[in-house]
>>> print(open('data-v1.csv').read())   # CSV, C-alpha atoms
chain,number,residue,atom,x,y,z
A,1,MET,CA,-86.7,-159.1,-30.1
A,2,LYS,CA,-89.5,-158.1,-27.7
A,3,ILE,CA,-89.2,-159.3,-24.1
A,4,VAL,CA,-92.1,-159.1,-21.6
A,5,VAL,CA,-91.2,-159.2,-18.0
A,6,CYS,CA,-94.0,-160.0,-15.5
A,7,ILE,CA,-93.4,-158.3,-12.1
A,8,LYS,CA,-95.4,-158.0,-8.9
A,9,GLN,CA,-95.4,-155.4,-6.2
A,10,VAL,CA,-95.3,-157.1,-2.8
A,11,PRO,CA,-95.4,-155.8,0.8
A,12,ASN,CA,-92.0,-154.8,2.2
A,13,THR,CA,-92.9,-155.5,5.8
A,14,ASP,CA,-93.7,-158.4,8.1
A,15,LYS,CA,-96.7,-156.5,9.5
A,16,VAL,CA,-99.1,-157.4,6.9
A,17,ARG,CA,-102.9,-157.2,7.5
A,18,ILE,CA,-105.4,-159.7,6.2
A,19,ASN,CA,-108.9,-159.0,5.1
A,20,GLU,CA,-110.9,-161.3,7.3
A,21,ALA,CA,-113.8,-161.5,4.9
A,22,THR,CA,-111.8,-162.6,1.8
A,23,GLY,CA,-108.6,-163.9,3.4
A,24,THR,CA,-106.5,-161.7,1.1
A,25,LEU,CA,-103.7,-159.3,1.9
A,26,ILE,CA,-104.7,-155.6,2.5
A,27,ARG,CA,-102.2,-153.8,0.3
A,28,GLU,CA,-103.4,-150.2,0.6
A,29,GLY,CA,-101.0,-148.1,2.7
A,30,VAL,CA,-98.5,-150.9,3.1
A,31,PRO,CA,-94.8,-150.1,2.0
A,32,SER,CA,-94.1,-152.1,-1.0
A,33,ILE,CA,-91.2,-153.2,-3.3
A,34,ILE,CA,-90.8,-155.1,-6.6
A,35,ASN,CA,-90.8,-158.8,-5.8
A,36,PRO,CA,-87.1,-159.8,-5.5
A,37,ASP,CA,-87.2,-162.7,-8.0
A,38,ASP,CA,-88.9,-160.4,-10.4
A,39,MET,CA,-86.0,-157.9,-10.1
A,40,ASN,CA,-83.8,-160.7,-11.3
A,41,ALA,CA,-86.2,-161.3,-14.2
A,42,LEU,CA,-86.1,-157.7,-15.2
A,43,GLU,CA,-82.3,-157.6,-14.9
A,44,ALA,CA,-82.1,-160.6,-17.3
A,45,ALA,CA,-84.1,-158.8,-19.9
A,46,LEU,CA,-82.1,-155.6,-19.5
A,47,ALA,CA,-78.9,-157.5,-19.8
A,48,LEU,CA,-80.1,-158.9,-23.2
A,49,LYS,CA,-81.0,-155.4,-24.2
A,50,ASP,CA,-77.5,-154.2,-23.3
A,51,GLN,CA,-76.2,-156.8,-25.8
A,52,ASP,CA,-78.6,-155.8,-28.6
A,53,ALA,CA,-80.0,-152.3,-28.9
A,54,ASN,CA,-82.9,-153.8,-31.0
A,55,VAL,CA,-84.3,-155.6,-27.9
A,56,HIS,CA,-87.5,-154.0,-26.5
A,57,VAL,CA,-88.3,-154.6,-22.9
A,58,ALA,CA,-91.9,-154.3,-21.7
A,59,VAL,CA,-92.9,-154.8,-18.0
A,60,ILE,CA,-96.3,-155.8,-17.0
A,61,THR,CA,-98.1,-156.1,-13.6
A,62,MET,CA,-101.6,-156.8,-12.3
A,63,GLY,CA,-102.3,-154.7,-9.3
A,64,ILE,CA,-103.9,-151.9,-7.5
A,65,PRO,CA,-103.1,-148.3,-8.5
A,66,GLN,CA,-100.2,-148.3,-5.9
A,67,ALA,CA,-98.5,-150.8,-8.2
A,68,GLU,CA,-97.6,-147.9,-10.5
A,69,ASP,CA,-94.6,-147.3,-8.3
A,70,ALA,CA,-93.1,-150.7,-9.2
A,71,LEU,CA,-93.6,-150.1,-13.0
A,72,ARG,CA,-92.1,-146.6,-12.8
A,73,GLU,CA,-89.1,-148.0,-11.0
A,74,ALA,CA,-88.7,-150.6,-13.8
A,75,LEU,CA,-88.8,-147.9,-16.4
A,76,ALA,CA,-86.1,-146.0,-14.5
A,77,MET,CA,-84.0,-149.1,-14.6
A,78,GLY,CA,-84.2,-149.3,-18.4
A,79,ALA,CA,-87.5,-150.9,-19.5
A,80,ASP,CA,-89.0,-149.4,-22.6
A,81,GLU,CA,-92.7,-149.9,-21.8
A,82,ALA,CA,-95.0,-150.4,-18.8
A,83,ILE,CA,-98.4,-152.0,-18.8
A,84,HIS,CA,-100.5,-151.8,-15.7
A,85,LEU,CA,-103.4,-154.2,-15.5
A,86,THR,CA,-105.8,-152.7,-13.0
A,87,ASP,CA,-109.5,-153.4,-12.5
A,88,ARG,CA,-111.7,-154.2,-9.5
A,89,ALA,CA,-112.6,-157.4,-11.4
A,90,PHE,CA,-109.1,-158.7,-10.8
A,91,ALA,CA,-109.2,-158.3,-7.0
A,92,GLY,CA,-108.5,-161.4,-4.9
A,93,SER,CA,-107.5,-163.5,-7.9
A,94,ASP,CA,-105.5,-166.6,-7.0
A,95,THR,CA,-102.6,-167.9,-9.1
A,96,TRP,CA,-104.8,-169.5,-11.7
A,97,ALA,CA,-106.9,-166.4,-12.1
A,98,THR,CA,-103.8,-164.2,-12.1
A,99,ALA,CA,-102.3,-166.2,-14.9
A,100,THR,CA,-105.6,-166.0,-16.8
A,101,VAL,CA,-105.4,-162.2,-16.7
A,102,LEU,CA,-101.8,-162.1,-17.7
A,103,ALA,CA,-102.4,-164.5,-20.5
A,104,ALA,CA,-105.1,-162.3,-21.9
A,105,ALA,CA,-102.8,-159.3,-21.7
A,106,LEU,CA,-100.0,-161.2,-23.5
A,107,ARG,CA,-102.4,-162.2,-26.2
A,108,LYS,CA,-103.2,-158.5,-26.7
A,109,ILE,CA,-99.5,-157.6,-26.9
A,110,GLY,CA,-99.1,-160.4,-29.4
A,111,ASP,CA,-95.6,-159.9,-30.9
A,112,TYR,CA,-93.4,-161.0,-27.9
A,113,ASP,CA,-90.5,-163.4,-28.3
A,114,LEU,CA,-89.6,-164.1,-24.7
A,115,VAL,CA,-91.6,-163.9,-21.4
A,116,ILE,CA,-89.5,-163.7,-18.2
A,117,CYS,CA,-91.0,-164.1,-14.7
A,118,GLY,CA,-89.5,-164.4,-11.2
A,119,ARG,CA,-89.5,-167.9,-9.7
A,120,GLN,CA,-92.1,-166.9,-7.1
A,121,ALA,CA,-93.4,-164.0,-5.0
A,122,ILE,CA,-92.5,-163.5,-1.4
A,123,ASP,CA,-96.1,-162.8,-0.4
A,124,GLY,CA,-97.3,-166.2,-1.7
A,125,ASP,CA,-94.3,-168.5,-2.4
A,126,THR,CA,-96.3,-170.7,-4.8
A,127,ALA,CA,-94.1,-170.5,-7.9
A,128,GLN,CA,-97.3,-171.3,-9.9
A,129,VAL,CA,-98.0,-168.2,-12.0
A,130,GLY,CA,-95.1,-168.5,-14.4
A,131,PRO,CA,-95.8,-172.2,-15.3
A,132,GLU,CA,-99.5,-171.6,-15.5
A,133,LEU,CA,-99.0,-168.6,-17.8
A,134,ALA,CA,-96.8,-170.7,-20.1
A,135,GLU,CA,-99.5,-173.4,-20.3
A,136,PHE,CA,-102.3,-170.9,-21.0
A,137,LEU,CA,-100.2,-169.4,-23.9
A,138,GLY,CA,-99.0,-172.8,-25.2
A,139,LEU,CA,-95.3,-171.7,-24.7
A,140,PRO,CA,-92.3,-173.9,-24.0
A,141,GLN,CA,-91.0,-173.1,-20.5
A,142,ILE,CA,-87.8,-173.4,-18.6
A,143,THR,CA,-88.1,-172.8,-14.8
A,144,TYR,CA,-85.6,-172.1,-12.1
A,145,VAL,CA,-83.1,-170.5,-14.6
A,146,ARG,CA,-79.7,-169.6,-13.2
A,147,GLU,CA,-78.0,-168.8,-16.5
A,148,LEU,CA,-79.3,-168.0,-19.9
A,149,SER,CA,-78.4,-166.9,-23.5
A,150,VAL,CA,-80.4,-166.2,-26.6
A,151,GLU,CA,-79.2,-166.9,-30.2
A,152,ASN,CA,-80.5,-168.3,-33.5
A,153,ASN,CA,-84.1,-167.8,-32.3
A,154,ARG,CA,-83.6,-170.2,-29.4
A,155,VAL,CA,-83.1,-169.7,-25.6
A,156,ARG,CA,-80.5,-171.8,-23.8
A,157,ALA,CA,-80.5,-172.0,-20.0
A,158,LYS,CA,-79.2,-173.8,-17.0
A,159,ARG,CA,-82.1,-175.0,-14.8
A,160,ALA,CA,-81.2,-175.3,-11.2
A,161,VAL,CA,-82.0,-178.5,-9.3
A,162,GLU,CA,-81.0,-179.7,-5.9
A,163,THR,CA,-78.0,-181.6,-7.1
A,164,GLY,CA,-76.7,-179.1,-9.7
A,165,TYR,CA,-78.3,-178.0,-13.0
A,166,PHE,CA,-79.7,-179.2,-16.3
A,167,GLU,CA,-78.7,-177.5,-19.6
A,168,MET,CA,-81.9,-176.9,-21.6
A,169,GLU,CA,-83.0,-175.0,-24.7
A,170,ALA,CA,-86.3,-174.1,-26.3
A,171,PRO,CA,-87.4,-172.3,-29.4
A,172,LEU,CA,-88.8,-168.7,-29.2
A,173,PRO,CA,-91.3,-167.6,-28.1
A,174,ALA,CA,-90.7,-169.2,-24.7
A,175,LEU,CA,-91.3,-168.4,-21.0
A,176,LEU,CA,-88.6,-168.5,-18.3
A,177,THR,CA,-88.8,-168.3,-14.5
A,178,VAL,CA,-85.6,-167.2,-12.9
A,179,ILE,CA,-83.9,-167.4,-9.6
A,180,LYS,CA,-81.7,-164.9,-7.7
A,181,ASP,CA,-78.5,-166.8,-8.6
A,182,LEU,CA,-78.9,-165.5,-12.2
A,183,ASN,CA,-77.7,-162.0,-11.7
A,184,LYS,CA,-77.5,-158.9,-9.5
A,185,PRO,CA,-80.3,-156.3,-10.3
A,186,ARG,CA,-79.0,-152.9,-11.3
A,187,MET,CA,-80.0,-149.7,-9.7
A,188,MET,CA,-82.3,-147.1,-11.3
A,189,ASP,CA,-80.5,-145.0,-13.9
A,190,ILE,CA,-80.4,-141.3,-12.9
A,191,ARG,CA,-80.7,-140.4,-16.6
A,192,LEU,CA,-83.9,-142.4,-16.9
A,193,ILE,CA,-85.7,-141.4,-13.7
A,194,TYR,CA,-87.1,-138.2,-14.9
A,195,LYS,CA,-88.6,-139.8,-18.1
A,196,ALA,CA,-89.9,-142.7,-16.1
A,197,TYR,CA,-91.9,-140.5,-13.8
A,198,SER,CA,-93.1,-138.0,-16.5
A,199,ASP,CA,-95.6,-138.0,-19.3
A,200,GLN,CA,-92.8,-139.0,-21.7
A,201,ALA,CA,-92.9,-142.6,-20.3
A,202,ASP,CA,-94.6,-145.3,-22.4
A,203,TYR,CA,-97.1,-146.2,-19.7
A,204,LYS,CA,-100.4,-147.9,-20.3
A,205,PHE,CA,-103.4,-148.8,-18.1
A,206,TRP,CA,-105.4,-151.8,-19.2
A,207,THR,CA,-108.7,-153.0,-17.7
A,208,ALA,CA,-110.5,-156.3,-18.0
A,209,GLN,CA,-112.4,-154.9,-20.9
A,210,ASP,CA,-109.2,-153.8,-22.7
A,211,ILE,CA,-107.7,-157.3,-22.7
A,212,GLY,CA,-111.0,-159.1,-23.3
A,213,VAL,CA,-110.6,-161.5,-20.4
A,214,ASP,CA,-113.4,-163.8,-19.4
A,215,LEU,CA,-114.9,-162.3,-16.2
A,216,THR,CA,-116.1,-165.7,-15.1
A,217,GLN,CA,-112.5,-166.9,-14.8
A,218,ILE,CA,-111.0,-164.2,-12.6
A,219,GLY,CA,-111.4,-162.5,-9.2
A,220,VAL,CA,-111.8,-163.9,-5.8
A,221,SER,CA,-115.2,-165.4,-6.4
A,222,ASN,CA,-114.0,-167.4,-9.4
A,223,SER,CA,-110.6,-168.5,-8.1
A,224,PRO,CA,-110.5,-172.3,-7.7
A,225,ILE,CA,-108.0,-172.1,-4.8
A,226,PRO,CA,-109.8,-170.5,-1.8
A,227,PRO,CA,-107.7,-168.2,0.4
A,228,VAL,CA,-106.5,-169.7,3.6
A,229,ILE,CA,-107.2,-167.6,6.7
A,230,PHE,CA,-104.6,-167.9,9.4
A,231,GLU,CA,-105.2,-167.1,13.0
A,232,THR,CA,-102.5,-165.9,15.3
A,233,TRP,CA,-102.5,-166.5,19.0
A,234,ILE,CA,-100.2,-164.5,21.3
A,235,PHE,CA,-99.4,-166.2,24.6
A,236,PRO,CA,-98.2,-164.2,27.6
A,237,PRO,CA,-94.5,-164.8,28.4
A,238,ARG,CA,-93.8,-167.3,31.2
A,239,SER,CA,-90.8,-167.6,33.4
A,240,PHE,CA,-89.4,-170.8,34.8
A,241,SER,CA,-86.3,-172.0,36.6
A,242,ILE,CA,-84.2,-175.1,36.5
A,243,LYS,CA,-82.8,-176.5,39.7
A,244,ALA,CA,-79.7,-178.6,39.4
A,245,PRO,CA,-76.5,-179.2,41.3
A,246,ILE,CA,-73.7,-176.8,40.6
A,247,SER,CA,-71.4,-179.7,39.7
A,248,ARG,CA,-73.6,-180.3,36.6
A,249,PHE,CA,-72.3,-177.0,35.1
A,250,THR,CA,-68.6,-177.3,36.0
>>> encode(input="data-v1.csv", output="structure tokens")
Amino acid sequence: MKIVVCIKQVPNTDKVRINEATGTLIREGVPSIINPDDMNALEAALALKDQDANVHVAVITMGIPQAEDALREALAMGADEAIHLTDRAFAGSDTWATATVLAAALRKIGDYDLVICGRQAIDGDTAQVGPELAEFLGLPQITYVRELSVENNRVRAKRAVETGYFEMEAPLPALLTVIKDLNKPRMMDIRLIYKAYSDQADYKFWTAQDIGVDLTQIGVSNSPIPPVIFETWIFPPRSFSIKAPISRFT
């Protein structure tokens, strides 16, 4: 079985900067981490690999060159293959365009059985990419997964809702989005760190041309959801006093 895990590198700071011209995050030079929900997605795939040595786990991300750190970390955790989608044509893509790029890459991979995504990214909180990706690929999807198992070419899952959960199942190939309640992500394996950061790693760079994506459907200029530019006002501190009888406080 081949599992593809979609991950995203996100800023690990509250001091993000915004490109005033495009309304997008400036990621260069900002300390980053693997998106927390995506860590749960990766752990879910690795747990299935622990149960069956024939499971192959590939991680994929769309991002700037700095995103290589996230993919190398995933390899050091136990993933078998890393695919880095990087191209200036991808810059500024909204969720729709991002899912378009990922769908093109998944079609190039071709032989996957399960796609696992985190519920949402902390730098956007939209929870849209996973479901959009499933729609583009024509896959059955189960979102907000808090428990899962795979057997007899089907995935069974508990989908979290406000009042509890639904038990659901779908035939493979399928797509899942998972939540933090599913598991606790493992640390990097010291035995795998050297390989992950060396030439021995199965690490691929794919461009827009490599995956054959339609350039008129991606990038900031072709994203149907325009970025929202927020302005911040900082007001000087003001002091004030309250006059009241002492008896009011005794």
>>> closest_residue(input="data-v1.csv", among="A:Pro140, A:Pro11, A:Pro65, A:Gly118", to="A:Thr177", atoms="all atoms listed in the file")
A:Gly118
>>> residues_near_point(input="data-v1.csv", point="(-106.7, -160.8, -22.7)", cutoff="6 Å", atoms="all atoms listed in the file", output="MDAnalysis selection string")
chainID A and resid 104:105 107:108 211:213
>>> closest_atom_pairs(input="data-v1.csv", of="stretch 52-155 of chain A", to="stretch 37-43 of chain A", cutoff="8 Å", atoms="all atoms listed in the file", output="CSV")
residue,atom,partner,partner_atom,distance
A:Val59,CA,A:Leu42,CA,7.9
A:Ala74,CA,A:Leu42,CA,7.7
A:Ile116,CA,A:Ala41,CA,5.7
A:Cys117,CA,A:Ala41,CA,5.6
A:Gly118,CA,A:Asp38,CA,4.1
A:Arg119,CA,A:Asp37,CA,5.9
A:Gln120,CA,A:Asp37,CA,6.5
A:Ala121,CA,A:Asp37,CA,7.0
>>> atom_distance(input="data-v1.csv", atom1="atom CA of A:Gly138", atom2="atom CA of A:Ala170")
12.8 Å
>>> atom_distance(input="data-v1.csv", atom1="atom CA of A:Gly110", atom2="atom CA of A:Cys6")
14.8 Å
>>> residues_near_point(input="data-v1.csv", point="(-78.1, -166.3, -10.8)", cutoff="10 Å", atoms="all atoms listed in the file", output="PyMOL selection string")
chain A and resi 40+44+144-148+158+160+178-184
>>> write_last_selection(input="data-v1.csv", atoms="C-alpha atoms", output="short mmCIF file (atom, residue, chain, number, x, y, z; two decimals), in the coordinates of the input")
data_model
loop_
_atom_site.label_atom_id
_atom_site.label_comp_id
_atom_site.auth_asym_id
_atom_site.auth_seq_id
_atom_site.Cartn_x
_atom_site.Cartn_y
_atom_site.Cartn_z
CA ASN A 40 -83.80 -160.70 -11.30
CA ALA A 44 -82.10 -160.60 -17.30
CA TYR A 144 -85.60 -172.10 -12.10
CA VAL A 145 -83.10 -170.50 -14.60
CA ARG A 146 -79.70 -169.60 -13.20
CA GLU A 147 -78.00 -168.80 -16.50
CA LEU A 148 -79.30 -168.00 -19.90
CA LYS A 158 -79.20 -173.80 -17.00
CA ALA A 160 -81.20 -175.30 -11.20
CA VAL A 178 -85.60 -167.20 -12.90
CA ILE A 179 -83.90 -167.40 -9.60
CA LYS A 180 -81.70 -164.90 -7.70
CA ASP A 181 -78.50 -166.80 -8.60
CA LEU A 182 -78.90 -165.50 -12.20
CA ASN A 183 -77.70 -162.00 -11.70
CA LYS A 184 -77.50 -158.90 -9.50
#
>>> atom_distance(input="data-v1.csv", atom1="atom CA of A:Glu169", atom2="atom CA of A:Arg186")
26.2 Å
>>> residues_around(input="data-v1.csv", residues="A:Gln51", least_positions_apart="3", cutoff="12 Å", atoms="all atoms listed in the file", output="VMD selection string")
chain A and resid 1 44 to 48 54 to 56 149 to 151
>>> closest_residue(input="data-v1.csv", among="A:Arg88, A:Lys195, A:Arg154, A:Lys204", to="A:Val220", atoms="all atoms listed in the file")
A:Arg88
>>> closest_residue(input="data-v1.csv", among="A:Arg159, A:Lys49, A:Arg191, A:Lys8", to="A:Ile83", atoms="all atoms listed in the file")
A:Lys8
>>> residues_around(input="data-v1.csv", residues="stretch 96-100 of chain A", least_positions_apart="2", cutoff="9 Å", atoms="only C-alpha atoms", output="list in words")
Met62, Phe90, Gly92, Ser93, Asp94, Leu102, Ala103, Ala104, Ala105, Gln128, Val129, Gly130, Pro131, Glu132, Leu133, Ala134, Phe136, Val213, Asp214, Gln217, Ile218, Gly219, Val220, Asn222, Ser223, Pro224 and Ile225 of chain A
>>> closest_residue(input="data-v1.csv", among="A:Ala157, A:Val5, A:Ala76, A:Ile64", to="A:Ser198", atoms="only C-alpha atoms")
A:Ala76
>>> closest_residue(input="data-v1.csv", among="A:Ala79, A:Leu139, A:Ala208, A:Val161", to="A:Val101", atoms="only C-alpha atoms")
A:Ala208
